[in-house]
Amino acid sequence: MSFEYPPAPVPVRATQAKLSEAVTGCRACDLWEGATQAVIGEGAKDAEVMLVGEQPGDREDIEGHPFVGPAGRVLDQGLERAGIPRDDAYITNVVKHFRFRARGKRRIHQKPDRWQINACLPWLHAELEVVRPLVLVCLGATAAQALLGSQVRIGRDRGRPMDSDLAELVTITTHPSAILRAEDEDREEAMAQFVSDLENVANWLSARRAA
Ligand code: URA
């Protein structure tokens, strides 16, 4: 499918600024056509923790920043409760353009297809090269499977170290949107598990600093 599209125009000696400029011209799949803008990751240049979601949502597409909508608020709460300052982290997505279908005036999130994810992955790999985080946290199945393989399961694998050389610690947890979608009576427990997974990251970092 992606053979008709040019490769992602990732700059050779990338910096955060160069990536954020170059991504605006990405035509590596069809998603740019419907989106307002590409949304690249943001955060500290020397971030120890990189968090990777699926793709920008409606708010992120409009504002041009990752995790600034409802899922972003859940992520912020989780990070705060786990003692990881958002400003110290780098937050990004596997796919840089919002995929949706229109229902009247509403834009309903659609999961990106495999070929769209593959077309977009060079951006994430470039971000990893630039930031070189100690810890990589995949938020949800799209990020986890894109980076670690299709055999990964959130329910089974969350919260523990994964076998990967993308960072010293690579781990996965649920996507904050799944907490928003949880039934009222399950939401608190889902949030507690999310916080616990993020606390594992905070504890790992403290232990590494102390070593
Ligand atoms: N969901 C994501 O995966 N990423 C965002 O930036 C927002 C919502």
# chains A, B, ... in the order shown; residues from 1 in each chain; ligands from 1

call {"tool": "residues_around", "arguments": {"residues": "Arg156 in chain A", "least_positions_apart": "4", "cutoff": "12 Å", "atoms": "only C-alpha atoms", "output": "number ranges by chain"}}
result
A: 141, 151-152, 160, 162, 171-174

call {"tool": "residues_near_ligand", "arguments": {"ligand": "ligand 1", "cutoff": "8 Å", "atoms": "only C-alpha atoms and all ligand atoms", "output": "list in words"}}
result
Val39, Val52, Gly53, Glu54, Gln55, Pro56, Gly57, Asp58, Arg59, Glu60, His65, Pro66, Phe67, Val68, Gly69, Pro70, Ala71, Gly72, Thr92, Asn93, Val94, Leu139, His175, Pro176 and Ser177 of chain A

call {"tool": "write_last_selection", "arguments": {"atoms": "C-alpha atoms", "output": "compact mmCIF listing (two decimals), in the first residue's frame"}}
result
# COMPACT_ATOMS: atom_id res chain seq x y z
CA VAL A 39 2.15 16.26 15.95
CA VAL A 52 4.80 6.66 23.52
CA GLY A 53 1.08 6.71 22.73
CA GLU A 54 -0.78 5.75 19.58
CA GLN A 55 -1.54 8.90 17.61
CA PRO A 56 -2.74 12.46 18.25
CA GLY A 57 -6.42 12.74 19.09
CA ASP A 58 -8.88 15.47 18.17
CA ARG A 59 -7.44 18.09 20.58
CA GLU A 60 -3.85 17.22 19.80
CA HIS A 65 0.93 19.05 20.86
CA PRO A 66 0.84 15.44 22.13
CA PHE A 67 -1.47 14.38 24.96
CA VAL A 68 -3.19 17.70 25.62
CA GLY A 69 -6.79 16.40 25.45
CA PRO A 70 -8.77 14.15 27.82
CA ALA A 71 -6.27 11.26 27.59
CA GLY A 72 -3.50 13.74 28.30
CA THR A 92 5.21 11.24 21.75
CA ASN A 93 3.14 8.91 19.58
CA VAL A 94 3.80 6.10 17.12
CA LEU A 139 1.16 3.38 26.36
CA HIS A 175 -3.31 3.59 27.21
CA PRO A 176 -4.82 6.47 29.23
CA SER A 177 -7.87 6.40 26.91

call {"tool": "closest_residue", "arguments": {"among": "A:Gln37, A:Ile62, A:Ala28, A:Leu166", "to": "Pro7 in chain A", "atoms": "only C-alpha atoms"}}
result
A:Ala28

call {"tool": "select_by_dssp", "arguments": {"residues": "range 3-174 of chain A", "states": "helix (DSSP H, G or I)", "output": "ChimeraX atom specification"}}
result
/A:3-4,16-25,30-33,58-63,70-82,86-88,114-131,141-148,154-157

call {"tool": "select_by_dssp", "arguments": {"residues": "range 59-182 of chain A", "states": "strand (DSSP E or B)", "output": "list in words"}}
result
Tyr90, Ile91, Thr92, Asn93, Phe100, Arg101, Ala102, Arg103, Arg106, Arg107, Ile108, His109, Val135, Leu136, Val137, Cys138, Leu139, Leu169, Val170, Thr171, Ile172 and Thr173 of chain A

call {"tool": "residues_around", "arguments": {"residues": "Met50 in chain A", "least_positions_apart": "6", "cutoff": "12 Å", "atoms": "only C-alpha atoms", "output": "MDAnalysis selection string"}}
result
chainID A and resid 41:44 84:94 124:125 127:139 143 166:172 198 201
